[in-house]
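So this block is start.cif, mmCIF, C-alpha atoms and all ligand atoms:
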data_entry
loop_
_atom_site.label_atom_id
_atom_site.label_comp_id
_atom_site.auth_asym_id
_atom_site.auth_seq_id
_atom_site.Cartn_x
_atom_site.Cartn_y
_atom_site.Cartn_z
CA MET A 696 95.35 92.52 113.61
CA THR A 697 91.94 90.99 113.45
CA ILE A 698 89.25 93.37 112.29
CA THR A 699 86.10 93.37 114.35
CA ASN A 700 83.78 95.81 112.60
CA GLY A 701 82.69 97.19 109.27
CA SER A 702 84.35 100.57 109.65
CA GLN A 703 87.77 98.93 110.09
CA ARG A 704 87.10 96.79 107.02
CA ALA A 705 86.01 99.82 105.00
CA ALA A 706 89.16 101.71 105.96
CA LEU A 707 91.37 98.78 104.96
CA VAL A 708 89.64 98.40 101.62
CA GLU A 709 89.86 102.12 100.86
CA GLY A 710 93.49 102.31 102.03
CA GLY A 711 94.35 99.30 99.90
CA ARG A 712 92.70 100.78 96.84
CA ARG A 713 94.62 104.04 97.29
CA LEU A 714 97.90 102.21 97.76
CA ALA A 715 97.36 100.07 94.67
CA ARG A 716 96.63 103.13 92.55
CA ILE A 717 99.80 104.84 93.77
CA LEU A 718 101.92 101.76 93.08
CA GLU A 719 100.40 101.54 89.61
CA GLU A 720 101.35 105.16 88.99
CA LEU A 721 104.89 104.60 90.29
CA GLY A 722 105.22 101.53 88.07
CA LYS A 723 104.38 103.63 85.03
CA ARG A 724 107.17 106.07 85.90
CA VAL A 725 109.83 103.35 85.97
CA ALA A 726 112.21 103.89 83.03
CA PRO A 727 115.93 104.03 82.33
CA GLY A 728 117.40 107.24 83.81
CA VAL A 729 114.79 107.66 86.54
CA SER A 730 116.24 107.84 90.05
CA ALA A 731 114.90 105.99 93.05
CA GLN A 732 114.69 109.32 94.85
CA THR A 733 112.30 110.66 92.21
CA LEU A 734 110.03 107.65 92.74
CA ASP A 735 110.14 108.08 96.52
CA ASP A 736 109.31 111.79 96.28
CA LEU A 737 106.33 110.98 94.05
CA ALA A 738 105.16 108.21 96.39
CA GLU A 739 105.18 110.51 99.40
CA THR A 740 103.42 113.29 97.49
CA LEU A 741 100.68 110.98 96.22
CA ILE A 742 100.11 109.51 99.69
CA ARG A 743 99.93 112.91 101.40
CA ASP A 744 97.76 114.41 98.62
CA GLY A 745 95.21 111.74 99.53
CA GLY A 746 95.29 112.81 103.17
CA ASP A 747 97.13 109.65 104.24
CA THR A 748 100.46 108.95 105.94
CA PRO A 749 103.46 106.96 104.63
CA SER A 750 103.87 104.01 107.01
CA PHE A 751 107.53 103.21 106.29
CA LEU A 752 108.83 106.77 106.82
CA GLY A 753 110.42 106.87 110.27
CA TYR A 754 109.64 103.19 110.92
CA ALA A 755 112.15 101.80 113.42
CA PRO A 756 111.33 98.24 114.46
CA ASP A 757 114.41 98.01 116.70
CA GLY A 758 113.85 101.48 118.20
CA THR A 759 116.84 102.92 116.33
CA HIS A 760 117.67 103.58 112.67
CA PRO A 761 114.31 104.99 111.52
CA TYR A 762 113.72 104.26 107.83
CA PRO A 763 114.29 107.61 106.06
CA ALA A 764 111.91 107.22 103.10
CA SER A 765 108.32 106.38 102.13
CA LEU A 766 109.15 103.85 99.39
CA CYS A 767 111.54 100.91 99.27
CA VAL A 768 113.28 100.71 95.90
CA SER A 769 115.21 97.45 95.64
CA VAL A 770 117.14 97.06 92.38
CA ASN A 771 118.43 93.73 91.02
CA GLU A 772 120.39 92.03 93.86
CA GLU A 773 118.65 94.15 96.49
CA ALA A 774 116.09 91.80 98.05
CA ALA A 775 114.24 94.27 100.30
CA HIS A 776 114.33 97.68 101.99
CA GLY A 777 116.34 99.29 99.19
CA LEU A 778 117.01 102.93 100.02
CA PRO A 779 115.71 105.39 97.42
CA GLN A 780 118.80 107.55 96.96
CA ALA A 781 119.33 110.11 94.18
CA ALA A 782 122.43 108.25 93.00
CA LYS A 783 120.41 105.08 92.47
CA VAL A 784 119.42 105.54 88.82
CA LEU A 785 117.52 102.83 86.98
CA LYS A 786 119.12 101.30 83.89
CA GLU A 787 117.76 99.38 80.92
CA GLY A 788 117.56 95.71 81.88
CA ASP A 789 117.20 96.22 85.65
CA VAL A 790 114.40 94.78 87.74
CA VAL A 791 113.10 96.95 90.58
CA ILE A 792 110.91 96.09 93.56
CA LEU A 793 108.66 99.00 94.60
CA ASP A 794 107.40 98.31 98.12
CA LEU A 795 105.09 100.86 99.75
CA GLY A 796 102.89 101.19 102.80
CA LEU A 797 100.41 103.80 103.97
CA ILE A 798 98.10 104.51 106.87
CA HIS A 799 94.50 105.37 105.99
CA ASP A 800 92.03 106.01 108.84
CA SER A 801 94.46 104.33 111.29
CA MET A 802 94.72 101.21 109.10
CA VAL A 803 98.11 100.14 107.75
CA VAL A 804 98.28 98.55 104.30
CA ASP A 805 101.36 97.24 102.48
CA SER A 806 101.96 96.16 98.88
CA ALA A 807 104.80 95.58 96.46
CA ILE A 808 105.27 95.12 92.74
CA THR A 809 108.36 94.31 90.71
CA VAL A 810 108.85 96.16 87.46
CA ALA A 811 111.15 95.51 84.50
CA VAL A 812 113.16 98.55 83.42
CA GLY A 813 112.87 98.58 79.65
CA GLN A 814 113.75 95.23 78.10
CA VAL A 815 115.04 92.61 80.53
CA ASP A 816 116.61 89.21 79.89
CA GLU A 817 114.41 86.12 79.68
CA ARG A 818 115.36 84.81 83.13
CA SER A 819 114.38 88.12 84.74
CA ARG A 820 111.10 88.21 82.85
CA LYS A 821 110.34 84.70 84.07
CA LEU A 822 111.35 85.67 87.64
CA LEU A 823 108.70 88.38 87.69
CA GLU A 824 106.04 86.09 86.23
CA VAL A 825 106.73 83.27 88.69
CA THR A 826 106.92 85.55 91.73
CA LYS A 827 103.55 87.09 90.91
CA ALA A 828 102.06 83.63 90.37
CA ALA A 829 103.51 82.54 93.74
CA ARG A 830 101.90 85.53 95.45
CA ASP A 831 98.56 84.66 93.88
CA ALA A 832 98.94 81.01 94.91
CA GLY A 833 99.60 82.15 98.47
CA VAL A 834 96.46 84.30 98.43
CA ALA A 835 94.42 81.40 97.05
CA ALA A 836 95.69 79.09 99.82
CA ALA A 837 94.89 81.51 102.66
CA LYS A 838 91.60 81.05 104.48
CA PRO A 839 90.12 81.37 107.96
CA GLY A 840 90.50 78.06 109.78
CA GLY A 841 93.64 77.21 107.80
CA ARG A 842 97.25 77.48 108.88
CA VAL A 843 100.10 79.80 107.98
CA GLY A 844 101.88 76.77 106.49
CA ASP A 845 99.14 76.48 103.86
CA ILE A 846 100.31 79.79 102.41
CA SER A 847 103.99 78.90 102.83
CA HIS A 848 103.60 75.59 101.03
CA ALA A 849 101.60 77.04 98.13
CA VAL A 850 104.20 79.74 97.53
CA GLN A 851 107.12 77.34 97.78
CA CYS A 852 105.62 74.90 95.26
CA VAL A 853 105.20 77.57 92.59
CA VAL A 854 108.66 79.05 93.11
CA GLU A 855 110.70 75.87 93.34
CA SER A 856 108.92 74.00 90.55
CA ALA A 857 109.89 76.88 88.27
CA GLY A 858 113.56 76.65 89.30
CA PHE A 859 113.77 79.76 91.44
CA THR A 860 114.81 80.28 95.06
CA ILE A 861 112.91 81.37 98.18
CA ILE A 862 114.78 84.08 100.08
CA LYS A 863 114.03 82.33 103.35
CA ALA A 864 115.08 85.06 105.78
CA LEU A 865 112.24 87.31 104.56
CA GLY A 866 108.50 86.75 104.44
CA GLY A 867 104.96 87.93 104.97
CA HIS A 868 103.42 89.18 108.19
CA GLY A 869 100.38 90.35 110.02
CA LEU A 870 99.59 94.07 109.85
CA GLY A 871 96.78 96.59 110.12
CA GLU A 872 97.44 98.38 113.41
CA LEU A 873 101.20 98.25 112.92
CA VAL A 874 103.54 97.91 109.95
CA HIS A 875 104.60 94.43 111.06
CA GLU A 876 102.63 92.16 113.38
CA GLU A 877 102.42 88.46 114.16
CA PRO A 878 102.28 86.00 112.56
CA PHE A 879 105.44 85.84 110.46
CA ILE A 880 104.56 84.06 107.21
CA PRO A 881 107.48 82.07 105.79
CA ASN A 882 107.44 81.44 102.06
CA PHE A 883 108.37 77.79 102.59
CA GLY A 884 106.91 75.09 104.80
CA ARG A 885 104.32 72.38 105.20
CA ALA A 886 100.59 72.78 104.70
CA GLY A 887 98.55 72.28 107.86
CA THR A 888 101.32 73.56 110.16
CA GLY A 889 101.98 76.88 111.89
CA ALA A 890 99.74 79.53 113.40
CA LEU A 891 95.98 79.35 112.93
CA LEU A 892 94.48 81.78 110.40
CA GLU A 893 91.40 83.39 111.92
CA GLU A 894 88.33 85.12 110.55
CA GLY A 895 89.03 88.85 110.16
CA MET A 896 92.84 88.53 110.27
CA VAL A 897 94.79 91.00 108.14
CA ILE A 898 98.02 89.68 106.64
CA ALA A 899 100.55 90.58 103.96
CA ILE A 900 101.45 87.76 101.57
CA GLU A 901 104.78 88.47 99.89
CA PRO A 902 107.04 85.90 98.26
CA ILE A 903 110.61 87.18 97.98
CA VAL A 904 112.13 85.13 95.18
CA GLY A 905 115.63 84.94 93.78
CA THR A 906 117.46 83.60 90.75
CA GLY A 907 120.48 82.33 92.70
CA LYS A 908 121.31 81.35 96.27
CA ALA A 909 119.06 82.35 99.19
CA ALA A 910 121.72 83.94 101.43
CA ILE A 911 121.37 87.69 102.05
CA ARG A 912 123.22 90.29 104.07
CA VAL A 913 122.67 93.91 105.07
CA ALA A 914 124.30 96.33 102.61
CA PRO A 915 126.69 99.06 103.79
CA ASP A 916 123.80 101.57 103.80
CA GLY A 917 122.45 99.76 106.88
CA PHE A 918 118.97 99.16 105.44
CA SER A 919 119.05 97.28 102.15
CA TYR A 920 119.21 93.49 102.12
CA ILE A 921 121.26 92.19 99.22
CA THR A 922 121.96 88.67 98.02
CA LYS A 923 125.45 87.50 98.87
CA ASP A 924 125.95 86.06 95.39
CA GLY A 925 124.61 89.14 93.59
CA SER A 926 121.66 87.25 92.10
CA ARG A 927 118.42 89.06 91.29
CA VAL A 928 115.31 89.17 93.45
CA ALA A 929 111.63 89.97 92.89
CA CYS A 930 108.65 90.44 95.22
CA PHE A 931 104.93 90.86 94.76
CA GLU A 932 102.84 91.61 97.83
CA HIS A 933 99.16 91.97 98.67
CA THR A 934 97.50 92.90 101.94
CA VAL A 935 94.52 90.57 102.40
CA ILE A 936 91.62 90.15 104.83
CA LEU A 937 90.75 86.57 105.78
CA GLU A 938 86.99 86.38 105.57
CA ASN A 939 84.14 84.19 104.41
CA GLY A 940 86.30 81.17 103.71
CA ALA A 941 88.89 82.98 101.59
CA ALA A 942 91.43 85.80 101.44
CA THR A 943 90.26 89.12 99.98
CA PRO A 944 93.14 91.20 98.58
CA VAL A 945 92.62 94.89 99.41
CA THR A 946 95.67 96.30 97.59
CA VAL A 947 93.93 96.17 94.24
CA VAL A 948 92.77 98.99 91.98
MG MG A 1001 105.82 95.61 101.68
MG MG A 1002 105.19 93.55 103.87
#
Can you dump the structure from the file as structure tokens?
Ligand code: MG
Ligand code: MG
Amino acid sequence: MTITNGSQRAALVEGGRRLARILEELGKRVAPGVSAQTLDDLAETLIRDGGDTPSFLGYAPDGTHPYPASLCVSVNEEAAHGLPQAAKVLKEGDVVILDLGLIHDSMVVDSAITVAVGQVDERSRKLLEVTKAARDAGVAAAKPGGRVGDISHAVQCVVESAGFTIIKALGGHGLGELVHEEPFIPNFGRAGTGALLEEGMVIAIEPIVGTGKAAIRVAPDGFSYITKDGSRVACFEHTVILENGAATPVTVV
């Protein structure tokens, strides 16, 4: 969406702040032995305690298969939409993407962090560092009057120069009124190409970055995307408002 007034902007900023605080809290709870279900239960409780609504719960982009949880918990080779089941228990050395959305005053915000479970190997540690840097490079490249490809190119440069892989089937998106809106924001491409970025636009910038090959498939649970080669994936995501010549992240504490 494109925001047109100060009350919409205020709601986005407040929603983003709330979401960032909840994600921070969830990140602190990540430890060996903690189940994904526990994290999802906490996420829903914290959202509802604030008077807000989980945006992923019941979300059904194709009109069927509503997503049954508030939080996506994607462990290791799970690239996105990992289902938070009780049997999914975090282990020392795992990496876990916590992706969460909420609706505050009719405004949808979306953010993700990737957290190391205990001590992780050096390649995983680097994966997290590079993916976060790629997200920040994407935010820095986003501005009103620019193009979607400016973001795509900035993300791709950071990821590929560090020897990691863009999971090309996934990417960022518009949002605000809905969970997913136009434009789709690929994490690879050429600067100066693609849809125009306009003043007041709300978008989610989210590199999805892997350690192996880019190919993914839907897991047997029907929701989770997993890499075909079993390689690990990370994601960091901010919701931003394009304004005053730059992108303002709202999903910050
Ligand atoms: Mg997300
Ligand atoms: Mg998103």
Rounded to one decimal in Å, what is the spacing between CA of Ala909 in chain A and CA of Thr860 in chain A?
->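 Going from CA of Ala909 in chain A over to CA of Thr860 in chain A covers 6.3 Å.
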Enter the distance from CA of Ala837 in chain A to CA of Ser765 in chain A, in Å, rounded to one decimal.
->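 Between CA of Ala837 in chain A and CA of Ser765 in chain A the gap is 28.3 Å.
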Could you give me the residues within 6 Å of ligand MG 1002 (chain A), counting all atoms listed in the file, as JSON, numbers by chain?
-> {"A": [805, 867, 899]}
Find, counting only C-alpha atoms, the residue in A:Glu872, A:Leu707, A:Pro881, A:Pro902 that gets nearest to Thr943 in chain A.
->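 Closest residue, counting only C-alpha atoms: A:Leu707.
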Write out as a list in words each polymer residue whose atoms come within 6 Å of Ala849 in chain A, counting only C-alpha atoms; drop sequence neighbours fewer than 2 positions from it.
->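 With the cut-off at 6 Å, the set is Ala832, Gly833, Ile846, Ser847, Gln851 and Cys852 of chain A.
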Using all atoms listed in the file, determine which residues lie at most 8 Å from range 741-753 of chain A, disregarding the query and same-chain residues fewer than 4 positions distant; provide the list as a list in words.
-> Leu714, Ile717, Leu737, Pro761, Tyr762, Pro763, Ala764, Ser765, Leu766, Leu795, Gly796, Leu797, Ile798, His799, Asp800, Val803 and Val874 of chain A
Go through range 789-878 of chain A residue by residue and, counting only C-alpha atoms, keep those with an atom at most 8 Å from range 928-934 of chain A; for each kept residue give the shortest atom pair and its distance in Å to one decimal, ordered by chain and increasing number, as CSV.
residue,atom,partner,partner_atom,distance
A:Val790,CA,A:Ala929,CA,7.6
A:Val791,CA,A:Ala929,CA,7.5
A:Ile792,CA,A:Ala929,CA,6.2
A:Val804,CA,A:Thr934,CA,6.2
A:Asp805,CA,A:Thr934,CA,5.8
A:Ser806,CA,A:Glu932,CA,4.8
A:Ala807,CA,A:Glu932,CA,4.6
A:Ile808,CA,A:Phe931,CA,4.7
A:Thr809,CA,A:Ala929,CA,5.9
A:Leu822,CA,A:Ala929,CA,6.8
A:Leu823,CA,A:Ala929,CA,6.2
A:Thr826,CA,A:Cys930,CA,6.3
A:Lys827,CA,A:Phe931,CA,5.6
A:Arg830,CA,A:Phe931,CA,6.2
What does the distance between CA of Leu785 in chain A and CA of Val729 in chain A come to in Å, to one decimal place?
->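 Those two atoms sit 5.6 Å apart.
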Kindly indicate which residue among A:Gly788, A:Gly777, A:Gly840, A:Pro944 lies nearest to Ala914 in chain A, using only C-alpha atoms for the distances.
-> A:Gly777
May I ask which of the residues A:Asp916, A:Asp794, A:Glu938, A:Glu893 is the closest one to ligand MG 1001 (chain A), counting only C-alpha atoms and all ligand atoms?
->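 Among the listed residues, A:Asp794 lies closest to ligand MG 1001 (chain A).
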For Leu721 in chain A, which of A:Leu865, A:Val770, A:Leu793, A:Val784 is the closest residue, counting all atoms listed in the file?
->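 So, comparing all the options, the nearest one is A:Leu793.
Comparing the minimum interatomic distances between Gln780 in chain A and each of A:Asp735, A:Met896, A:Lys821, A:Lys908, counting all atoms listed in the file, we find that A:Asp735 sits nearest.
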Considering only C-alpha atoms and all ligand atoms, state which residue in the set A:Val854, A:Ile911, A:Val768, A:Ala705 is at the smallest distance from ligand MG 1001 (chain A).
-> A:Val768
Using all atoms listed in the file, collect all residues at a distance of at most 9 Å from (123.9, 89.8, 95.7) as written in the file, then present them as a short mmCIF file (atom, residue, chain, number, x, y, z; two decimals) with C-alpha atoms, in the frame of the given file.
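As written to disk, out_10.cif reads:
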data_model
loop_
_atom_site.label_atom_id
_atom_site.label_comp_id
_atom_site.auth_asym_id
_atom_site.auth_seq_id
_atom_site.Cartn_x
_atom_site.Cartn_y
_atom_site.Cartn_z
CA ASN A 771 118.43 93.73 91.02
CA GLU A 772 120.39 92.03 93.86
CA GLU A 773 118.65 94.15 96.49
CA ALA A 774 116.09 91.80 98.05
CA GLY A 907 120.48 82.33 92.70
CA LYS A 908 121.31 81.35 96.27
CA ALA A 910 121.72 83.94 101.43
CA ILE A 911 121.37 87.69 102.05
CA ARG A 912 123.22 90.29 104.07
CA TYR A 920 119.21 93.49 102.12
CA ILE A 921 121.26 92.19 99.22
CA THR A 922 121.96 88.67 98.02
CA LYS A 923 125.45 87.50 98.87
CA ASP A 924 125.95 86.06 95.39
CA GLY A 925 124.61 89.14 93.59
CA SER A 926 121.66 87.25 92.10
CA ARG A 927 118.42 89.06 91.29
CA VAL A 928 115.31 89.17 93.45
#
Assuming 8 Å of padding per side, give the centre and edge lengths of the axis-aligned box around every listed atom of range 771-789 of chain A, in Å to one decimal and as lines of an AutoDock Vina configuration file.
center_x = 118.3
center_y = 101.0
center_z = 91.5
size_x = 24.2
size_y = 34.3
size_z = 37.1
